[in-house]
Amino acid sequence: MILNFPFITMVLVTIIGLCIILFRKNLLKVIMGISLIESAMNLFIVALDFKEGGIAPIFTLAPLEPGVEPAAAASAMVLPVPQALCLTSIVIAVATGALMLSFAMLIYRKYGTLDISKISRLNG
Amino acid sequence: MTFAQFIYYNSPALIIAIPLLAAFLTLVFGRISSMLRNIWVVLSLVATAIVGLIIAYRVSIEGIIIYTFGVGSPGMAIPVDSGGIPVRILFEIDAMSSFMIITLSIATLAAIIYSIASDAKSTGRDNFYALFLLLTLGGYGIICTGDIFNFFVFFEISSLASAGLIAYRIEKGFAVEAALKYAVISTIAGIMVLIGVAVLYGEYDALNIAMLAQSIHWTFLDKFALVLLLSALLMKCGAVPMHFWTPDSYSLAPGSITAILVVASQVSLYGAFRVIFTLYGVVINAFTFGWIIIILGVLSMVVGVTMAIPQKDVKRLMAYHAISQTGYMLLGVGVGFALLGDKALLDSIGYMAMEGGIFHIINHAMYKGLLFLTAGAIFYRIGTRNLNKMGGLGHNMKYTMIFFVIGALAIAGIPPFNGFASKLMIYESVFLFNPFLAVIAMVVSILTLASFVKVFHSIFMGPKLPEYAHVKEAPPMMLIGMGLLAAGVILFGLFPQQVVDLIVSPAAHALVNQQAYISAVMGGA
Amino acid sequence: MRMSKIVTITADLLPPFILAFGLYVIAHGHLTPGGGFQGGAVTATGLLLMIVAYSYKDIAKAIRQDRFKLYESLGLIIVIGVGYIAFLYGATFFTNWLVNTPLPFGTYVPFGPNPGDLNTGGTMPLYNIFVGVEVFCGLTIVVLYMLSGLEEGEGSS
Amino acid sequence: MRTITKVIPVIILLAFFMAMAASFDFGRPFQTAMDDYFIEHGQEQVGTNNIVTTIVFDYRGFDTLGEASVLLTAVLGVGLLFRRFSKGEEDEAAEEEDWQEVAER
């Protein structure tokens, strides 16, 4: 059970982020909750690709014996694809975060408050 | 090879490459002159629509098209030495995707022509048109892609672009609040899609939809990924459980953007169908799952109409009707999915129901887009969306009135218009499946007619109000945009059978035929 | 609202090193860990350190915001242009048309660990550099917009 | 009472996520066929040493093109929000009355 500790931390951070979104009233805290879940997501994706005792999939001065043949190198190295996916997911987290924070700035200027219950004048 | 052959064989790539390059160049041209930029945006969207039609033509001839990015020849999905694993990103366009491409192209063309006139006086139009192009790009990407992570990236592009566009009129602050709600919802939906994709990758080390569809076998992790993917996509398409963002963002976005938002949520509905039919397909217990979608559809129908009756804001009323019309599509395709199990019932009722649901997507995109454009034209002229303050506009806004009548009759399902054709197919097939559902569908359609008669009366009928005496007709470009959609509504209404045979029934059969989708990539495995 | 003396002094000294490191990460994207996005972000931090240290009014005069916007769209146009050139070679969109060719960045790399030769990687270094330019300009523009929103906010509300 | 109705779904979700986390095995990925292909062929086919960047920009380069346009979308969206308004637009917005405020008062 202890072995997949990263996945458990990912679950806990996601649930904490979800609780922030559901229970907090201040808008900035909700946006922080969302970015917390996004970083938990990045942890989850990268944790998917770890191999016991694996090295980074970079061949520049990689600690492999020079004559190594492909299959052995592949088994020594961790999986590269999740790291590429994680890069994309980080940039998306930055983009959504920037957009939502500027929405929050504008709402604070127009409504004077960041409290979610006061903001929702668009009812009916 | 000649230029035409080049366009023909690389059309799947061009349908993404042209709007993307156009979006980047719009920013550069915008610094030179706004006229040049407007022409450039309209030209690039017309070119994209033409490439879309080429793709639709190719699919009707060749069946499923595979286009792999980054290799010598487009068809080479699986590299020779990789032991049967599609390694690169590829586009897989079957009849259902080409159907959605046609829907998106029609709505985009009408909206861009409309928005050239409707946003003439507002500032920041470089960013506006670049975001418009990126939104259509996201739609095309979701429709054509054959790779789930690529699906997630285009999903994010379209949700970010539409969040930015909803907040276009920020003076009063309401649009920014609606955009914030939309952004929060779509970010959470994006995270759920990402978790689903990551779980599927963790399990099968494959990101290609066809490869995953082949190797998925109903373990706990697959159920977990299905629940997340499906709830995220249904959240984005305005179905009942998470529909509260739809009225806000549809009513406060500019007219042309609302028409595109309607299609963007149909595209995420397409994404949900792709996940159910192609990614999971036979693995799911079709009957119970079909019933879940049917219940969602019926709930969307009923809640949408009942919430629409008391509305005072024109666009908000139409937004609730959009939710109820989405319920029709879910009902139609849900019945089709519920009958996936037994062959006999599927051929008699299932295909008819699915064709009704799918045909309703394009009909809804056209007449709902038309209604939102007319509401935008009214807002453009008299500055308010409040039904109580309007009246007697029929006297001076004649064409807008005609277009509104066409749209209202189409949404209510009156014979000569396209709404009737698809609703009739849904009534017939759902009645054979379960009469009670068909009765609800008919009642909802009658309520829709009632509420639109009320709206028509309060906007256009009545005496000529003094404060609107000076109101002129909407500018010609807006009328052209509305005319394009109205022509589509009438055309599809007069020849429903030809349209169904040409694009709708191949789409329904392609959606059900998961094996063809897999063997197109994996090579008849 | 300029920051304290200590911050402004460090903001004067640090950026050259941050920019150098950022450009290194961009340029060696295909050999060492890093690449277009990470390098662009590091370089943007170098510039943003100066922006945050000094108040927006001083910076607004020094940095032309629309110039950054132009560079960002130019960077992206070149990225997609490199993708389009693959069509000229008769290949599909976004193919690596420079790899294993006598052209620059085209030398062949045999399998196995090696010290790393900058002249490899086909279209990879081109993408790295121009995506780095785009991320650098993009992040700077976002922060400049938010700072201008802050100034305007204090003024009007 | 209202918070209870919110806490229950969170607990159910927590149970689901825990079950998901338990079914993964950290350090031993289930299948590695696609990644082994990248590691073995990355150097000959693309000529780079850093396999992760190879995937980001060559094998899955189309994702990164989408990625750059996501960043551009965010920049354009923020630019749209903090744009300078022309005089005409502000007066037009001011006199465009909105029934929400009327309803609220």
# chains A, B, ... in the order shown; residues from 1 in each chain; ligands from 1
call {"tool": "closest_atom_pairs", "arguments": {"of": "region 19-83 of chain D", "to": "region 103-109 of chain A", "cutoff": "9 Å", "atoms": "only C-alpha atoms", "output": "JSON lines"}}
result
{"residue": "D:Val78", "atom": "CA", "partner": "A:Phe103", "partner_atom": "CA", "distance": 8.4}
{"residue": "D:Leu81", "atom": "CA", "partner": "A:Phe103", "partner_atom": "CA", "distance": 7.8}
{"residue": "D:Phe82", "atom": "CA", "partner": "A:Leu106", "partner_atom": "CA", "distance": 8.6}
call {"tool": "interface_residues", "arguments": {"of": "chain A", "to": "chain D", "cutoff": "6 Å", "atoms": "only C-alpha atoms", "output": "number ranges by chain"}}
result
A: 4, 7, 50-52, 57-60, 70, 74, 79-80, 84, 95, 99
call {"tool": "residues_around", "arguments": {"residues": "region 132-149 of chain B", "least_positions_apart": "6", "cutoff": "7 Å", "atoms": "only C-alpha atoms", "output": "PDB file with all heavy atoms, in the first residue's frame"}}
result
ATOM      1  N   ILE B  16      -7.340  22.085 -40.153  1.00  0.00           N
ATOM      2  CA  ILE B  16      -6.833  22.661 -38.902  1.00  0.00           C
ATOM      3  C   ILE B  16      -5.787  23.726 -39.224  1.00  0.00           C
ATOM      4  O   ILE B  16      -5.745  24.790 -38.613  1.00  0.00           O
ATOM      5  CB  ILE B  16      -6.197  21.552 -38.034  1.00  0.00           C
ATOM      6  CG1 ILE B  16      -7.235  20.538 -37.642  1.00  0.00           C
ATOM      7  CG2 ILE B  16      -5.526  22.157 -36.804  1.00  0.00           C
ATOM      8  CD1 ILE B  16      -8.278  21.055 -36.703  1.00  0.00           C
ATOM      9  N   PRO B  19      -7.295  27.545 -40.445  1.00  0.00           N
ATOM     10  CA  PRO B  19      -7.751  28.502 -39.425  1.00  0.00           C
ATOM     11  C   PRO B  19      -6.643  28.922 -38.466  1.00  0.00           C
ATOM     12  O   PRO B  19      -6.594  30.055 -38.006  1.00  0.00           O
ATOM     13  CB  PRO B  19      -8.849  27.734 -38.672  1.00  0.00           C
ATOM     14  CG  PRO B  19      -9.175  26.558 -39.449  1.00  0.00           C
ATOM     15  CD  PRO B  19      -8.053  26.282 -40.370  1.00  0.00           C
ATOM     16  N   LEU B  20      -5.691  27.985 -38.194  1.00  0.00           N
ATOM     17  CA  LEU B  20      -4.631  28.326 -37.231  1.00  0.00           C
ATOM     18  C   LEU B  20      -3.736  29.423 -37.815  1.00  0.00           C
ATOM     19  O   LEU B  20      -3.492  30.450 -37.187  1.00  0.00           O
ATOM     20  CB  LEU B  20      -3.823  27.064 -36.914  1.00  0.00           C
ATOM     21  CG  LEU B  20      -2.994  27.126 -35.627  1.00  0.00           C
ATOM     22  CD1 LEU B  20      -3.872  27.449 -34.452  1.00  0.00           C
ATOM     23  CD2 LEU B  20      -2.308  25.794 -35.400  1.00  0.00           C
ATOM     24  N   ALA B  23      -5.573  32.607 -37.836  1.00  0.00           N
ATOM     25  CA  ALA B  23      -5.686  33.279 -36.530  1.00  0.00           C
ATOM     26  C   ALA B  23      -4.405  34.051 -36.238  1.00  0.00           C
ATOM     27  O   ALA B  23      -4.445  35.215 -35.815  1.00  0.00           O
ATOM     28  CB  ALA B  23      -5.938  32.243 -35.434  1.00  0.00           C
ATOM     29  N   ILE B  89       0.232  10.953 -33.780  1.00  0.00           N
ATOM     30  CA  ILE B  89      -1.146  11.456 -33.691  1.00  0.00           C
ATOM     31  C   ILE B  89      -1.780  11.292 -35.060  1.00  0.00           C
ATOM     32  O   ILE B  89      -1.117  11.527 -36.079  1.00  0.00           O
ATOM     33  CB  ILE B  89      -1.137  12.955 -33.308  1.00  0.00           C
ATOM     34  CG1 ILE B  89      -0.598  13.115 -31.891  1.00  0.00           C
ATOM     35  CG2 ILE B  89      -2.502  13.567 -33.424  1.00  0.00           C
ATOM     36  CD1 ILE B  89      -0.433  14.535 -31.483  1.00  0.00           C
ATOM     37  N   LEU B  90      -3.025  10.839 -35.105  1.00  0.00           N
ATOM     38  CA  LEU B  90      -3.653  10.735 -36.426  1.00  0.00           C
ATOM     39  C   LEU B  90      -5.090  11.232 -36.347  1.00  0.00           C
ATOM     40  O   LEU B  90      -5.694  11.223 -35.288  1.00  0.00           O
ATOM     41  CB  LEU B  90      -3.638   9.290 -36.922  1.00  0.00           C
ATOM     42  CG  LEU B  90      -4.185   8.172 -36.057  1.00  0.00           C
ATOM     43  CD1 LEU B  90      -5.682   7.988 -36.282  1.00  0.00           C
ATOM     44  CD2 LEU B  90      -3.476   6.888 -36.414  1.00  0.00           C
ATOM     45  N   PHE B  91      -5.557  11.731 -37.493  1.00  0.00           N
ATOM     46  CA  PHE B  91      -6.965  12.151 -37.608  1.00  0.00           C
ATOM     47  C   PHE B  91      -7.732  10.985 -38.209  1.00  0.00           C
ATOM     48  O   PHE B  91      -7.280  10.385 -39.188  1.00  0.00           O
ATOM     49  CB  PHE B  91      -7.077  13.372 -38.548  1.00  0.00           C
ATOM     50  CG  PHE B  91      -6.955  14.670 -37.826  1.00  0.00           C
ATOM     51  CD1 PHE B  91      -6.523  14.713 -36.517  1.00  0.00           C
ATOM     52  CD2 PHE B  91      -7.268  15.852 -38.448  1.00  0.00           C
ATOM     53  CE1 PHE B  91      -6.406  15.909 -35.836  1.00  0.00           C
ATOM     54  CE2 PHE B  91      -7.156  17.067 -37.783  1.00  0.00           C
ATOM     55  CZ  PHE B  91      -6.725  17.095 -36.475  1.00  0.00           C
ATOM     56  N   GLU B  92      -8.862  10.672 -37.604  1.00  0.00           N
ATOM     57  CA  GLU B  92      -9.689   9.583 -38.165  1.00  0.00           C
ATOM     58  C   GLU B  92     -11.067  10.183 -38.422  1.00  0.00           C
ATOM     59  O   GLU B  92     -11.784  10.517 -37.481  1.00  0.00           O
ATOM     60  CB  GLU B  92      -9.780   8.426 -37.162  1.00  0.00           C
ATOM     61  CG  GLU B  92     -10.545   7.252 -37.708  1.00  0.00           C
ATOM     62  CD  GLU B  92     -10.101   5.934 -37.072  1.00  0.00           C
ATOM     63  OE1 GLU B  92      -9.244   5.973 -36.172  1.00  0.00           O
ATOM     64  OE2 GLU B  92     -10.624   4.893 -37.480  1.00  0.00           O
ATOM     65  N   ILE B  93     -11.417  10.355 -39.689  1.00  0.00           N
ATOM     66  CA  ILE B  93     -12.669  11.058 -40.032  1.00  0.00           C
ATOM     67  C   ILE B  93     -13.620  10.045 -40.645  1.00  0.00           C
ATOM     68  O   ILE B  93     -13.358   9.516 -41.730  1.00  0.00           O
ATOM     69  CB  ILE B  93     -12.389  12.205 -41.025  1.00  0.00           C
ATOM     70  CG1 ILE B  93     -11.373  13.164 -40.388  1.00  0.00           C
ATOM     71  CG2 ILE B  93     -13.643  12.938 -41.393  1.00  0.00           C
ATOM     72  CD1 ILE B  93     -10.782  14.122 -41.343  1.00  0.00           C
ATOM     73  N   SER B  97     -18.071  12.170 -38.256  1.00  0.00           N
ATOM     74  CA  SER B  97     -17.237  13.386 -38.172  1.00  0.00           C
ATOM     75  C   SER B  97     -17.532  14.304 -39.344  1.00  0.00           C
ATOM     76  O   SER B  97     -17.638  15.517 -39.190  1.00  0.00           O
ATOM     77  CB  SER B  97     -15.757  12.991 -38.192  1.00  0.00           C
ATOM     78  OG  SER B  97     -15.538  11.935 -37.310  1.00  0.00           O
ATOM     79  N   MET B 100     -20.560  16.273 -38.682  1.00  0.00           N
ATOM     80  CA  MET B 100     -20.360  17.391 -37.749  1.00  0.00           C
ATOM     81  C   MET B 100     -19.549  18.507 -38.416  1.00  0.00           C
ATOM     82  O   MET B 100     -19.753  19.694 -38.129  1.00  0.00           O
ATOM     83  CB  MET B 100     -19.615  16.889 -36.504  1.00  0.00           C
ATOM     84  CG  MET B 100     -20.448  16.020 -35.589  1.00  0.00           C
ATOM     85  SD  MET B 100     -21.985  16.767 -35.077  1.00  0.00           S
ATOM     86  CE  MET B 100     -21.367  17.990 -33.933  1.00  0.00           C
ATOM     87  N   ILE B 101     -18.637  18.145 -39.333  1.00  0.00           N
ATOM     88  CA  ILE B 101     -17.861  19.195 -40.029  1.00  0.00           C
ATOM     89  C   ILE B 101     -18.819  20.088 -40.819  1.00  0.00           C
ATOM     90  O   ILE B 101     -18.728  21.320 -40.779  1.00  0.00           O
ATOM     91  CB  ILE B 101     -16.802  18.559 -40.957  1.00  0.00           C
ATOM     92  CG1 ILE B 101     -15.645  18.000 -40.142  1.00  0.00           C
ATOM     93  CG2 ILE B 101     -16.294  19.555 -41.974  1.00  0.00           C
ATOM     94  CD1 ILE B 101     -14.626  17.259 -40.958  1.00  0.00           C
ATOM     95  N   PHE B 155     -10.196  20.332 -26.892  1.00  0.00           N
ATOM     96  CA  PHE B 155     -11.304  20.615 -25.953  1.00  0.00           C
ATOM     97  C   PHE B 155     -10.967  21.870 -25.152  1.00  0.00           C
ATOM     98  O   PHE B 155     -11.792  22.772 -24.980  1.00  0.00           O
ATOM     99  CB  PHE B 155     -11.451  19.399 -25.046  1.00  0.00           C
ATOM    100  CG  PHE B 155     -12.552  19.472 -24.037  1.00  0.00           C
ATOM    101  CD1 PHE B 155     -13.849  19.113 -24.384  1.00  0.00           C
ATOM    102  CD2 PHE B 155     -12.292  19.874 -22.744  1.00  0.00           C
ATOM    103  CE1 PHE B 155     -14.865  19.168 -23.455  1.00  0.00           C
ATOM    104  CE2 PHE B 155     -13.292  19.917 -21.815  1.00  0.00           C
ATOM    105  CZ  PHE B 155     -14.582  19.573 -22.158  1.00  0.00           C
ATOM    106  N   ILE B 157      -8.771  24.248 -26.034  1.00  0.00           N
ATOM    107  CA  ILE B 157      -8.702  25.439 -26.907  1.00  0.00           C
ATOM    108  C   ILE B 157     -10.106  26.012 -27.069  1.00  0.00           C
ATOM    109  O   ILE B 157     -10.342  27.205 -26.878  1.00  0.00           O
ATOM    110  CB  ILE B 157      -8.114  25.075 -28.290  1.00  0.00           C
ATOM    111  CG1 ILE B 157      -6.645  24.717 -28.197  1.00  0.00           C
ATOM    112  CG2 ILE B 157      -8.300  26.219 -29.277  1.00  0.00           C
ATOM    113  CD1 ILE B 157      -6.046  24.312 -29.518  1.00  0.00           C
ATOM    114  N   SER B 158     -11.083  25.128 -27.382  1.00  0.00           N
ATOM    115  CA  SER B 158     -12.426  25.667 -27.656  1.00  0.00           C
ATOM    116  C   SER B 158     -13.026  26.233 -26.366  1.00  0.00           C
ATOM    117  O   SER B 158     -13.673  27.282 -26.398  1.00  0.00           O
ATOM    118  CB  SER B 158     -13.331  24.583 -28.227  1.00  0.00           C
ATOM    119  OG  SER B 158     -13.473  23.553 -27.320  1.00  0.00           O
ATOM    120  N   ALA B 161     -11.210  29.626 -25.656  1.00  0.00           N
ATOM    121  CA  ALA B 161     -11.572  30.663 -26.630  1.00  0.00           C
ATOM    122  C   ALA B 161     -13.001  31.135 -26.373  1.00  0.00           C
ATOM    123  O   ALA B 161     -13.279  32.339 -26.370  1.00  0.00           O
ATOM    124  CB  ALA B 161     -11.438  30.108 -28.056  1.00  0.00           C
ATOM    125  N   SER B 162     -13.922  30.195 -26.094  1.00  0.00           N
ATOM    126  CA  SER B 162     -15.302  30.662 -25.892  1.00  0.00           C
ATOM    127  C   SER B 162     -15.426  31.410 -24.573  1.00  0.00           C
ATOM    128  O   SER B 162     -16.198  32.368 -24.489  1.00  0.00           O
ATOM    129  CB  SER B 162     -16.271  29.488 -25.935  1.00  0.00           C
ATOM    130  OG  SER B 162     -15.758  28.398 -25.262  1.00  0.00           O
ATOM    131  N   VAL B 197      -8.172  10.408 -19.376  1.00  0.00           N
ATOM    132  CA  VAL B 197      -7.133  10.071 -20.358  1.00  0.00           C
ATOM    133  C   VAL B 197      -5.926   9.463 -19.645  1.00  0.00           C
ATOM    134  O   VAL B 197      -5.367   8.447 -20.086  1.00  0.00           O
ATOM    135  CB  VAL B 197      -6.733  11.351 -21.147  1.00  0.00           C
ATOM    136  CG1 VAL B 197      -5.475  11.119 -21.944  1.00  0.00           C
ATOM    137  CG2 VAL B 197      -7.864  11.782 -22.050  1.00  0.00           C
ATOM    138  N   LEU B 207      -2.574   5.998 -26.556  1.00  0.00           N
ATOM    139  CA  LEU B 207      -3.384   7.219 -26.569  1.00  0.00           C
ATOM    140  C   LEU B 207      -4.266   7.282 -27.802  1.00  0.00           C
ATOM    141  O   LEU B 207      -5.010   8.217 -27.982  1.00  0.00           O
ATOM    142  CB  LEU B 207      -2.472   8.464 -26.541  1.00  0.00           C
ATOM    143  CG  LEU B 207      -1.817   8.728 -25.182  1.00  0.00           C
ATOM    144  CD1 LEU B 207      -0.781   9.827 -25.306  1.00  0.00           C
ATOM    145  CD2 LEU B 207      -2.857   9.107 -24.163  1.00  0.00           C
ATOM    146  N   ASN B 208      -4.182   6.269 -28.677  1.00  0.00           N
ATOM    147  CA  ASN B 208      -4.969   6.313 -29.905  1.00  0.00           C
ATOM    148  C   ASN B 208      -6.356   5.727 -29.630  1.00  0.00           C
ATOM    149  O   ASN B 208      -6.474   4.659 -29.029  1.00  0.00           O
ATOM    150  CB  ASN B 208      -4.248   5.467 -30.967  1.00  0.00           C
ATOM    151  CG  ASN B 208      -4.885   5.690 -32.307  1.00  0.00           C
ATOM    152  OD1 ASN B 208      -6.075   5.515 -32.466  1.00  0.00           O
ATOM    153  ND2 ASN B 208      -4.087   6.114 -33.264  1.00  0.00           N
ATOM    154  N   ILE B 209      -7.400   6.397 -30.077  1.00  0.00           N
ATOM    155  CA  ILE B 209      -8.776   5.963 -29.767  1.00  0.00           C
ATOM    156  C   ILE B 209      -9.024   4.557 -30.307  1.00  0.00           C
ATOM    157  O   ILE B 209      -9.538   3.671 -29.622  1.00  0.00           O
ATOM    158  CB  ILE B 209      -9.796   6.970 -30.343  1.00  0.00           C
ATOM    159  CG1 ILE B 209      -9.721   8.283 -29.566  1.00  0.00           C
ATOM    160  CG2 ILE B 209     -11.203   6.419 -30.293  1.00  0.00           C
ATOM    161  CD1 ILE B 209     -10.699   9.319 -29.999  1.00  0.00           C
ATOM    162  N   ALA B 264     -20.647  24.659 -30.558  1.00  0.00           N
ATOM    163  CA  ALA B 264     -19.543  24.138 -29.751  1.00  0.00           C
ATOM    164  C   ALA B 264     -20.072  23.146 -28.714  1.00  0.00           C
ATOM    165  O   ALA B 264     -19.457  22.109 -28.454  1.00  0.00           O
ATOM    166  CB  ALA B 264     -18.818  25.291 -29.058  1.00  0.00           C
ATOM    167  N   VAL B 267     -20.711  19.992 -30.371  1.00  0.00           N
ATOM    168  CA  VAL B 267     -19.470  19.252 -30.648  1.00  0.00           C
ATOM    169  C   VAL B 267     -19.074  18.456 -29.409  1.00  0.00           C
ATOM    170  O   VAL B 267     -18.671  17.289 -29.514  1.00  0.00           O
ATOM    171  CB  VAL B 267     -18.355  20.240 -31.077  1.00  0.00           C
ATOM    172  CG1 VAL B 267     -16.994  19.582 -31.006  1.00  0.00           C
ATOM    173  CG2 VAL B 267     -18.613  20.736 -32.477  1.00  0.00           C
TER     174      VAL B 267
END
call {"tool": "interface_residues", "arguments": {"of": "chain A", "to": "chain B", "cutoff": "9 Å", "atoms": "only C-alpha atoms", "output": "compact mmCIF listing (two decimals) with N, CA, C and O atoms, in the first residue's frame"}}
result
# COMPACT_ATOMS: atom_id res chain seq x y z
N VAL A 30 -11.34 29.91 -4.81
CA VAL A 30 -11.83 28.89 -5.73
C VAL A 30 -10.82 28.67 -6.86
O VAL A 30 -10.49 27.54 -7.24
N ILE A 31 -10.27 29.78 -7.36
CA ILE A 31 -9.29 29.65 -8.46
C ILE A 31 -8.05 28.93 -7.95
O ILE A 31 -7.47 28.08 -8.64
N ILE A 34 -8.77 25.29 -7.93
CA ILE A 34 -8.68 24.69 -9.27
C ILE A 34 -7.22 24.45 -9.62
O ILE A 34 -6.84 23.37 -10.11
N ILE A 37 -5.95 21.42 -7.92
CA ILE A 37 -6.33 20.14 -8.56
C ILE A 37 -5.47 19.91 -9.80
O ILE A 37 -5.02 18.80 -10.09
N GLU A 38 -5.17 21.00 -10.54
CA GLU A 38 -4.37 20.84 -11.75
C GLU A 38 -2.97 20.34 -11.39
O GLU A 38 -2.42 19.47 -12.07
N MET A 41 -3.12 16.81 -10.72
CA MET A 41 -3.21 16.07 -11.98
C MET A 41 -1.82 15.86 -12.58
O MET A 41 -1.48 14.76 -13.03
N PHE A 44 -0.10 13.19 -10.84
CA PHE A 44 -0.63 11.86 -11.18
C PHE A 44 -0.06 11.38 -12.51
O PHE A 44 0.40 10.23 -12.64
N ILE A 45 -0.04 12.30 -13.50
CA ILE A 45 0.44 11.87 -14.83
C ILE A 45 1.90 11.47 -14.74
O ILE A 45 2.30 10.41 -15.25
N LEU A 48 2.67 8.18 -13.16
CA LEU A 48 2.33 6.99 -13.95
C LEU A 48 3.54 6.41 -14.65
O LEU A 48 3.55 5.24 -15.03
N ASP A 49 4.58 7.26 -14.88
CA ASP A 49 5.62 6.76 -15.79
C ASP A 49 6.85 6.27 -15.05
O ASP A 49 7.85 6.00 -15.66
N PRO A 82 4.40 10.26 -20.61
CA PRO A 82 3.66 11.07 -19.62
C PRO A 82 4.35 12.41 -19.34
O PRO A 82 3.68 13.40 -19.08
N LEU A 85 3.06 14.67 -21.86
CA LEU A 85 1.66 15.05 -21.59
C LEU A 85 1.61 16.05 -20.44
O LEU A 85 0.83 17.01 -20.46
N THR A 88 2.25 19.57 -21.49
CA THR A 88 1.06 20.21 -22.09
C THR A 88 0.07 20.60 -20.99
O THR A 88 -0.51 21.68 -21.01
N SER A 89 -0.10 19.70 -20.00
CA SER A 89 -1.10 19.98 -18.96
C SER A 89 -0.68 21.17 -18.11
O SER A 89 -1.53 21.97 -17.68
N ILE A 92 -1.53 24.30 -20.02
CA ILE A 92 -2.98 24.55 -19.99
C ILE A 92 -3.37 25.10 -18.63
O ILE A 92 -4.21 26.02 -18.52
N ALA A 93 -2.74 24.60 -17.56
CA ALA A 93 -3.06 25.12 -16.21
C ALA A 93 -2.70 26.60 -16.13
O ALA A 93 -3.47 27.41 -15.61
N ALA A 95 -2.58 28.70 -18.63
CA ALA A 95 -3.51 29.49 -19.47
C ALA A 95 -4.84 29.68 -18.75
O ALA A 95 -5.34 30.81 -18.64
N THR A 96 -5.42 28.59 -18.22
CA THR A 96 -6.73 28.76 -17.56
C THR A 96 -6.58 29.62 -16.32
O THR A 96 -7.44 30.45 -16.02
N LEU A 99 -6.44 33.29 -17.32
CA LEU A 99 -7.74 33.81 -17.78
C LEU A 99 -8.68 34.01 -16.59
O LEU A 99 -9.31 35.06 -16.44
N MET A 100 -8.73 33.02 -15.69
CA MET A 100 -9.70 33.13 -14.59
C MET A 100 -9.29 34.24 -13.63
O MET A 100 -10.13 34.96 -13.09
N PHE A 103 -10.46 37.40 -15.04
CA PHE A 103 -11.92 37.54 -14.82
C PHE A 103 -12.15 38.03 -13.39
O PHE A 103 -12.97 38.93 -13.15
N ALA A 104 -11.44 37.43 -12.44
CA ALA A 104 -11.67 37.80 -11.02
C ALA A 104 -11.32 39.27 -10.81
O ALA A 104 -12.05 40.01 -10.13
N LEU A 106 -11.54 41.67 -12.95
CA LEU A 106 -12.58 42.53 -13.53
C LEU A 106 -13.84 42.48 -12.68
O LEU A 106 -14.51 43.50 -12.47
N ILE A 107 -14.15 41.29 -12.17
CA ILE A 107 -15.38 41.19 -11.36
C ILE A 107 -15.20 42.01 -10.09
O ILE A 107 -16.12 42.72 -9.66
N ARG A 109 -13.51 44.68 -9.87
CA ARG A 109 -13.64 46.11 -10.20
C ARG A 109 -15.11 46.45 -10.45
O ARG A 109 -15.62 47.48 -10.03
N LYS A 110 -15.86 45.54 -11.10
CA LYS A 110 -17.25 45.89 -11.46
C LYS A 110 -18.20 45.65 -10.29
O LYS A 110 -19.15 46.39 -10.09
N TYR A 111 -17.98 44.59 -9.49
CA TYR A 111 -18.95 44.25 -8.45
C TYR A 111 -18.48 44.72 -7.07
O TYR A 111 -19.24 44.70 -6.14
N ILE A 119 -21.87 37.70 -5.82
CA ILE A 119 -21.60 37.95 -7.24
C ILE A 119 -22.78 37.50 -8.09
O ILE A 119 -23.13 38.11 -9.10
N SER A 120 -23.50 36.42 -7.68
CA SER A 120 -24.45 35.83 -8.63
C SER A 120 -25.71 36.68 -8.73
O SER A 120 -26.74 36.33 -8.18
N ARG A 121 -25.60 37.84 -9.41
CA ARG A 121 -26.81 38.66 -9.65
C ARG A 121 -27.52 38.16 -10.89
O ARG A 121 -28.59 38.61 -11.23
N LEU A 122 -26.88 37.24 -11.62
CA LEU A 122 -27.45 36.82 -12.91
C LEU A 122 -28.48 35.72 -12.69
O LEU A 122 -28.48 34.72 -13.37
N ASN A 123 -29.31 35.82 -11.70
CA ASN A 123 -30.23 34.69 -11.44
C ASN A 123 -31.45 34.82 -12.34
O ASN A 123 -31.52 35.64 -13.24
N GLY A 124 -32.44 34.01 -12.08
CA GLY A 124 -33.69 34.07 -12.86
C GLY A 124 -33.65 33.29 -14.14
O GLY A 124 -32.61 32.84 -14.57
call {"tool": "residues_around", "arguments": {"residues": "Gln45 (chain D)", "least_positions_apart": "6", "cutoff": "10 Å", "atoms": "only C-alpha atoms", "output": "ChimeraX atom specification"}}
result
/C:96,99-100,108-111,121-122 /D:38,54,58-59
call {"tool": "select_by_dssp", "arguments": {"residues": "region 9-60 of chain C", "states": "alpha helix (DSSP H)", "output": "PyMOL selection string"}}
result
chain C and resi 9-13+15-27+36-53+56-60
call {"tool": "interface_residues", "arguments": {"of": "chain C", "to": "chain D", "cutoff": "9 Å", "atoms": "only C-alpha atoms", "output": "ChimeraX atom specification"}}
result
/C:29-37,72-73,76,79-80,93-96,99-100,105-114,116-117,120-124,127-128,131,134-135,138-139,141-142,145-146,148-149
call {"tool": "residues_around", "arguments": {"residues": "Ala91 (chain C)", "least_positions_apart": "3", "cutoff": "7 Å", "atoms": "only C-alpha atoms", "output": "ChimeraX atom specification"}}
result
/B:71-73 /C:86-87,95
